[in-house]
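This report refers to the structure that appears directly beneath it.
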Amino acid sequence: MSNNSEISIKVKNLSKSFDFQEDSISSIKEGLYNIFKRKNNRQLKALNNINFEIKKGEFLGIVGRNGSGKSTLLKLLIGAFRPDKGSIININGKILRLALGMGFDGNLSARDNIYINGSVLGLSFKYIGEIFDQIIEFSELHDFIDVPVKHFSSGMKSRLTFSIAMYANADIFLIDEFFGGVGDESFKKKSEDFFKDNFLTGKTIIHVSHSLSNLLKFSDRILYLHKGEMMALGKPEEVIELYKESFKEEFREKQKKV
Amino acid sequence: MIKELIGQIYLDKTSGNNRLERIWKLAQIDFKKRYYNDKLGVLWALLNPLLQVSIYYFVFKMVMQRGEDDFALFLFVGLVIWTTFMMGTKQGINIFKLKRYLIENIQFNKIDLFLSHILSVFMGFCFNLGAYFAIAVIYGIKFDFLYMLMTLILIILIIFVNILGVCLILSTFSIFLKDIDHIWDFTLLCGFWTAGIFFPIEKIIEKFPVIIYLNPMLGLIDNARRVLMYKTPIDWGIMSINLIQGIGFLALGLFVFYKYSGKAIEKL
């Protein structure tokens, strides 16, 4: 890791608010009814003023409770959502989000899905053709190459996802509750080893997880989100301690009320 | 808006230079999927217009005793263009929903989804057109290839610009207004009977000249027939109206897309 100082992701003043109407209009009829009514717009601030920089090759864990804005953050980074005005997101490299059943079209075969995913990741068909056998080999799906993915079990899907991801040369991976090992015990072992040996080197990873022990094991830093606010960013042990503390506090308060 | 356009282009630079290849692959797969589970597969792209022509031929020519000798060809040109427009826009409405799996996991320019959709519709259109040429040869029609090539390309271009514009508008709004599906179905039905598929354009224009402005397919089908059947010169007046319509739809479509598609995706 020679270019250790290179910045991979830079996020500045990142905010995201969602507009929603109390009774959201979804048909023309309702729209006509509501034309004369005063609109009841409400804003929900999903993320508020998030700032961080991630160096190339860094592993950033993200913790936070449900609804704290973790998934919104990932969707903003991938470009599915547009941030509020004034927000800056600089991304240096190809980016991919890993989730179960990532980018798969259920009606297409594993072969087509490998090509389409690889292609969208920036691989040429020639290169995909070269690594195709390796992907199939790794995923142990030899007998199912031309079976539509909708017939796959979730374990098979995650194996395929994992295998494509391993060979895809994205620079930045956003991982959503998808740790090292997937599938049955033997595949889990294999994929975890692969994850440690090949995957972690040189790649920037943002991992959202509720598995604190895993985050402690892999993360260089951890970001703690709470209700869209950045609570802490720093050493894994310290941040996780803080995160755990918040649960304890809540627990104490609840007990007081009782 | 211009800033966002530039942003989109910038985004492409970072996501690799295989964009065309990717659009092509997505189109290919869309096309394949349309005929995926069928035994006859891609043959349906040839059979579909033939079967449709036979039904309408039976009704109009045999039962109602209407139409000229070359009524089958007349129907064929009209139906091929109309079905292309209909299928293209109907499937286009759901682009965001169908391609959600890509939007949420991978960073890429969303307009590629539309370009690949148009390309896959175009592939089907080429099959239909091939079927037409096969039948036209049997009917003994001779083609002036150079003239045909130049004019036909322009007509096809306008047809697809129209489809792209409509798709951009409808797919974005369909997420906010779920009954756009039904409204569009009805609009298509109106279009079907006013596109001059069964009657010559003059019969429609005589009484309702305004339809030429409302239904772009009317003029396009007529001009396509001039090129593909009659070998008469193109009506450039109508053609330019259609061209302006097409550009208008596309401009509106792009505006809607860049302004609202971001919000639409959030609501998926």
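If you're wondering about the labels, chains in the structure tokens are A, B, ... by order shown, residues count from 1 in each chain, ligands from 1 in order shown.
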
Please provide as a ChimeraX atom specification all residues within 12 Å of Phe199 (chain A), with the sequence filter that same-chain residues fewer than 4 positions apart are discarded (counting only C-alpha atoms). /A:57-59,162-173,179-180,191-195,203-205,218

Serialized selection, N, CA and C atoms, as a PDB file, in the first residue's frame:
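Result file is out_21.pdb:
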```pdb
ATOM      1  N   GLY A  57      -7.806   2.055   0.584  1.00  0.00           N
ATOM      2  CA  GLY A  57      -7.413   0.851   1.305  1.00  0.00           C
ATOM      3  C   GLY A  57      -7.924   0.785   2.727  1.00  0.00           C
ATOM      4  N   GLU A  58      -8.654   1.811   3.131  1.00  0.00           N
ATOM      5  CA  GLU A  58      -9.149   1.824   4.496  1.00  0.00           C
ATOM      6  C   GLU A  58     -10.433   1.019   4.632  1.00  0.00           C
ATOM      7  N   PHE A  59     -10.657   0.473   5.797  1.00  0.00           N
ATOM      8  CA  PHE A  59     -11.875  -0.263   6.083  1.00  0.00           C
ATOM      9  C   PHE A  59     -12.668   0.524   7.119  1.00  0.00           C
ATOM     10  N   PHE A 162     -20.890 -13.023  -4.067  1.00  0.00           N
ATOM     11  CA  PHE A 162     -19.574 -12.959  -3.468  1.00  0.00           C
ATOM     12  C   PHE A 162     -18.491 -13.219  -4.511  1.00  0.00           C
ATOM     13  N   SER A 163     -18.735 -14.231  -5.346  1.00  0.00           N
ATOM     14  CA  SER A 163     -17.714 -14.610  -6.325  1.00  0.00           C
ATOM     15  C   SER A 163     -17.505 -13.521  -7.373  1.00  0.00           C
ATOM     16  N   ILE A 164     -18.608 -12.915  -7.828  1.00  0.00           N
ATOM     17  CA  ILE A 164     -18.452 -11.826  -8.798  1.00  0.00           C
ATOM     18  C   ILE A 164     -17.675 -10.686  -8.154  1.00  0.00           C
ATOM     19  N   ALA A 165     -18.062 -10.382  -6.937  1.00  0.00           N
ATOM     20  CA  ALA A 165     -17.434  -9.264  -6.238  1.00  0.00           C
ATOM     21  C   ALA A 165     -15.943  -9.471  -6.071  1.00  0.00           C
ATOM     22  N   MET A 166     -15.566 -10.740  -5.818  1.00  0.00           N
ATOM     23  CA  MET A 166     -14.155 -11.037  -5.611  1.00  0.00           C
ATOM     24  C   MET A 166     -13.331 -10.713  -6.848  1.00  0.00           C
ATOM     25  N   TYR A 167     -13.926 -10.999  -8.012  1.00  0.00           N
ATOM     26  CA  TYR A 167     -13.148 -10.823  -9.237  1.00  0.00           C
ATOM     27  C   TYR A 167     -13.371  -9.460  -9.873  1.00  0.00           C
ATOM     28  N   ALA A 168     -14.453  -8.806  -9.475  1.00  0.00           N
ATOM     29  CA  ALA A 168     -14.715  -7.486 -10.027  1.00  0.00           C
ATOM     30  C   ALA A 168     -13.626  -6.556  -9.543  1.00  0.00           C
ATOM     31  N   ASN A 169     -13.171  -5.669 -10.415  1.00  0.00           N
ATOM     32  CA  ASN A 169     -12.127  -4.788  -9.921  1.00  0.00           C
ATOM     33  C   ASN A 169     -12.659  -3.402  -9.588  1.00  0.00           C
ATOM     34  N   ALA A 170     -13.693  -3.395  -8.765  1.00  0.00           N
ATOM     35  CA  ALA A 170     -14.116  -2.111  -8.228  1.00  0.00           C
ATOM     36  C   ALA A 170     -13.084  -1.691  -7.193  1.00  0.00           C
ATOM     37  N   ASP A 171     -12.983  -0.401  -6.950  1.00  0.00           N
ATOM     38  CA  ASP A 171     -11.997   0.077  -5.975  1.00  0.00           C
ATOM     39  C   ASP A 171     -12.619   0.257  -4.607  1.00  0.00           C
ATOM     40  N   ILE A 172     -13.924   0.547  -4.643  1.00  0.00           N
ATOM     41  CA  ILE A 172     -14.600   0.853  -3.387  1.00  0.00           C
ATOM     42  C   ILE A 172     -15.809  -0.072  -3.259  1.00  0.00           C
ATOM     43  N   PHE A 173     -15.911  -0.729  -2.137  1.00  0.00           N
ATOM     44  CA  PHE A 173     -17.057  -1.597  -1.925  1.00  0.00           C
ATOM     45  C   PHE A 173     -17.891  -1.093  -0.754  1.00  0.00           C
ATOM     46  N   PHE A 179     -21.013 -10.172   5.786  1.00  0.00           N
ATOM     47  CA  PHE A 179     -19.647 -10.295   6.230  1.00  0.00           C
ATOM     48  C   PHE A 179     -18.949 -11.498   5.684  1.00  0.00           C
ATOM     49  N   GLY A 180     -17.673 -11.314   5.445  1.00  0.00           N
ATOM     50  CA  GLY A 180     -16.764 -12.358   4.975  1.00  0.00           C
ATOM     51  C   GLY A 180     -17.461 -13.600   4.501  1.00  0.00           C
ATOM     52  N   SER A 191     -14.605 -18.503   1.708  1.00  0.00           N
ATOM     53  CA  SER A 191     -14.819 -17.103   1.346  1.00  0.00           C
ATOM     54  C   SER A 191     -14.220 -16.167   2.386  1.00  0.00           C
ATOM     55  N   GLU A 192     -14.232 -16.622   3.645  1.00  0.00           N
ATOM     56  CA  GLU A 192     -13.643 -15.763   4.674  1.00  0.00           C
ATOM     57  C   GLU A 192     -12.138 -15.635   4.473  1.00  0.00           C
ATOM     58  N   ASP A 193     -11.524 -16.772   4.139  1.00  0.00           N
ATOM     59  CA  ASP A 193     -10.079 -16.743   3.867  1.00  0.00           C
ATOM     60  C   ASP A 193      -9.783 -15.826   2.694  1.00  0.00           C
ATOM     61  N   PHE A 194     -10.582 -16.008   1.656  1.00  0.00           N
ATOM     62  CA  PHE A 194     -10.376 -15.205   0.447  1.00  0.00           C
ATOM     63  C   PHE A 194     -10.557 -13.728   0.765  1.00  0.00           C
ATOM     64  N   PHE A 195     -11.578 -13.472   1.563  1.00  0.00           N
ATOM     65  CA  PHE A 195     -11.890 -12.111   1.958  1.00  0.00           C
ATOM     66  C   PHE A 195     -10.700 -11.466   2.660  1.00  0.00           C
ATOM     67  N   LYS A 203      -8.178  -2.325  -1.202  1.00  0.00           N
ATOM     68  CA  LYS A 203      -9.521  -1.872  -1.536  1.00  0.00           C
ATOM     69  C   LYS A 203     -10.131  -1.079  -0.394  1.00  0.00           C
ATOM     70  N   THR A 204     -10.896  -0.094  -0.799  1.00  0.00           N
ATOM     71  CA  THR A 204     -11.574   0.709   0.199  1.00  0.00           C
ATOM     72  C   THR A 204     -12.918   0.069   0.490  1.00  0.00           C
ATOM     73  N   ILE A 205     -13.210  -0.099   1.750  1.00  0.00           N
ATOM     74  CA  ILE A 205     -14.444  -0.788   2.090  1.00  0.00           C
ATOM     75  C   ILE A 205     -15.223  -0.011   3.141  1.00  0.00           C
ATOM     76  N   PHE A 218     -12.162  -6.226  11.753  1.00  0.00           N
ATOM     77  CA  PHE A 218     -11.674  -5.766  10.453  1.00  0.00           C
ATOM     78  C   PHE A 218     -11.476  -4.259  10.320  1.00  0.00           C
TER      79      PHE A 218
END
```

Would you mind listing what lies within 10 Å of region 154-159 of chain B as a PyMOL selection string, with only C-alpha atoms counted and same-chain residues fewer than 4 positions away left out? chain B and resi 81-82+84-85+122+125+148-150+163-164+216-217+219-221+223-224+227+239-240+242-247

Between CA of Gly67 (chain A) and CA of Phe52 (chain A), measure the distance and give it in Å to one decimal.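 Going from CA of Gly67 (chain A) over to CA of Phe52 (chain A), I get 20.0 Å.
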
Helix (DSSP H, G or I) residues, from DSSP on the backbone, in region 24-253 of chain A, as a PyMOL selection string: chain A and resi 28-34+70-78+110-120+125-139+142-144+149-151+154-167+185-199+212-218+236-253

Quick one: residues within 10 Å of region 200-209 of chain B, only C-alpha atoms counted, chain neighbours fewer than 5 positions away excluded, as a PyMOL selection string? chain B and resi 67+74+194-195+214+218-219+221-223+225

Taking all heavy atoms for each residue, export the selection above as an mmCIF file, in the first residue's frame.
```cif
data_model
loop_
_atom_site.group_PDB
_atom_site.id
_atom_site.type_symbol
_atom_site.label_atom_id
_atom_site.label_comp_id
_atom_site.auth_asym_id
_atom_site.auth_seq_id
_atom_site.Cartn_x
_atom_site.Cartn_y
_atom_site.Cartn_z
ATOM 1 N N GLY B 67 -60.589 -1.717 -48.695
ATOM 2 C CA GLY B 67 -59.155 -1.747 -48.962
ATOM 3 C C GLY B 67 -58.795 -2.135 -50.388
ATOM 4 O O GLY B 67 -59.569 -2.737 -51.114
ATOM 5 N N PHE B 74 -50.267 -2.732 -46.843
ATOM 6 C CA PHE B 74 -50.713 -1.481 -46.231
ATOM 7 C C PHE B 74 -50.861 -1.642 -44.720
ATOM 8 O O PHE B 74 -50.350 -0.845 -43.934
ATOM 9 C CB PHE B 74 -52.062 -1.122 -46.886
ATOM 10 C CG PHE B 74 -52.648 0.178 -46.454
ATOM 11 C CD1 PHE B 74 -52.298 1.355 -47.093
ATOM 12 C CD2 PHE B 74 -53.573 0.229 -45.419
ATOM 13 C CE1 PHE B 74 -52.853 2.552 -46.709
ATOM 14 C CE2 PHE B 74 -54.132 1.425 -45.031
ATOM 15 C CZ PHE B 74 -53.772 2.590 -45.680
ATOM 16 N N THR B 194 -56.427 6.250 -34.638
ATOM 17 C CA THR B 194 -56.206 7.482 -35.390
ATOM 18 C C THR B 194 -54.847 7.505 -36.092
ATOM 19 O O THR B 194 -54.446 8.521 -36.633
ATOM 20 C CB THR B 194 -56.275 8.716 -34.461
ATOM 21 O OG1 THR B 194 -55.345 8.515 -33.398
ATOM 22 C CG2 THR B 194 -57.656 8.932 -33.912
ATOM 23 N N ALA B 195 -54.150 6.375 -36.065
ATOM 24 C CA ALA B 195 -52.810 6.369 -36.653
ATOM 25 C C ALA B 195 -52.846 6.042 -38.141
ATOM 26 O O ALA B 195 -51.804 5.921 -38.774
ATOM 27 C CB ALA B 195 -51.916 5.371 -35.915
ATOM 28 N N LEU B 214 -51.672 15.675 -33.159
ATOM 29 C CA LEU B 214 -51.862 14.927 -31.912
ATOM 30 C C LEU B 214 -51.187 13.556 -31.956
ATOM 31 O O LEU B 214 -50.693 13.072 -30.948
ATOM 32 C CB LEU B 214 -53.360 14.743 -31.633
ATOM 33 C CG LEU B 214 -54.133 16.018 -31.321
ATOM 34 C CD1 LEU B 214 -55.609 15.712 -31.130
ATOM 35 C CD2 LEU B 214 -53.574 16.697 -30.082
ATOM 36 N N LEU B 218 -49.385 8.945 -37.173
ATOM 37 C CA LEU B 218 -50.194 9.078 -38.387
ATOM 38 C C LEU B 218 -49.326 9.494 -39.574
ATOM 39 O O LEU B 218 -49.317 8.829 -40.611
ATOM 40 C CB LEU B 218 -51.311 10.110 -38.154
ATOM 41 C CG LEU B 218 -52.209 10.448 -39.344
ATOM 42 C CD1 LEU B 218 -52.954 9.225 -39.828
ATOM 43 C CD2 LEU B 218 -53.195 11.557 -38.985
ATOM 44 N N GLY B 219 -48.601 10.576 -39.381
ATOM 45 C CA GLY B 219 -47.750 11.059 -40.465
ATOM 46 C C GLY B 219 -46.604 10.106 -40.757
ATOM 47 O O GLY B 219 -46.248 9.875 -41.914
ATOM 48 N N ILE B 221 -46.429 6.837 -40.309
ATOM 49 C CA ILE B 221 -46.869 5.618 -40.998
ATOM 50 C C ILE B 221 -47.128 5.939 -42.473
ATOM 51 O O ILE B 221 -46.733 5.183 -43.362
ATOM 52 C CB ILE B 221 -48.130 5.045 -40.323
ATOM 53 C CG1 ILE B 221 -47.753 4.405 -38.983
ATOM 54 C CG2 ILE B 221 -48.813 4.016 -41.221
ATOM 55 C CD1 ILE B 221 -48.925 3.916 -38.173
ATOM 56 N N ASP B 222 -47.762 7.088 -42.711
ATOM 57 C CA ASP B 222 -48.050 7.460 -44.101
ATOM 58 C C ASP B 222 -46.759 7.615 -44.902
ATOM 59 O O ASP B 222 -46.624 7.082 -46.001
ATOM 60 C CB ASP B 222 -48.851 8.757 -44.143
ATOM 61 C CG ASP B 222 -49.132 9.173 -45.575
ATOM 62 O OD1 ASP B 222 -49.794 8.391 -46.287
ATOM 63 O OD2 ASP B 222 -48.659 10.255 -45.980
ATOM 64 N N ASN B 223 -45.806 8.308 -44.320
ATOM 65 C CA ASN B 223 -44.546 8.505 -45.035
ATOM 66 C C ASN B 223 -43.794 7.195 -45.221
ATOM 67 O O ASN B 223 -43.160 6.971 -46.245
ATOM 68 C CB ASN B 223 -43.679 9.529 -44.297
ATOM 69 C CG ASN B 223 -43.981 10.942 -44.767
ATOM 70 O OD1 ASN B 223 -44.290 11.151 -45.935
ATOM 71 N ND2 ASN B 223 -43.921 11.900 -43.859
ATOM 72 N N ARG B 225 -45.166 4.347 -45.650
ATOM 73 C CA ARG B 225 -45.825 3.639 -46.759
ATOM 74 C C ARG B 225 -45.368 4.190 -48.104
ATOM 75 O O ARG B 225 -45.181 3.439 -49.050
ATOM 76 C CB ARG B 225 -47.338 3.785 -46.631
ATOM 77 C CG ARG B 225 -47.920 2.842 -45.623
ATOM 78 C CD ARG B 225 -49.430 2.887 -45.677
ATOM 79 N NE ARG B 225 -49.980 2.098 -44.600
ATOM 80 C CZ ARG B 225 -50.895 2.538 -43.752
ATOM 81 N NH1 ARG B 225 -51.358 3.766 -43.855
ATOM 82 N NH2 ARG B 225 -51.346 1.747 -42.805
#
```
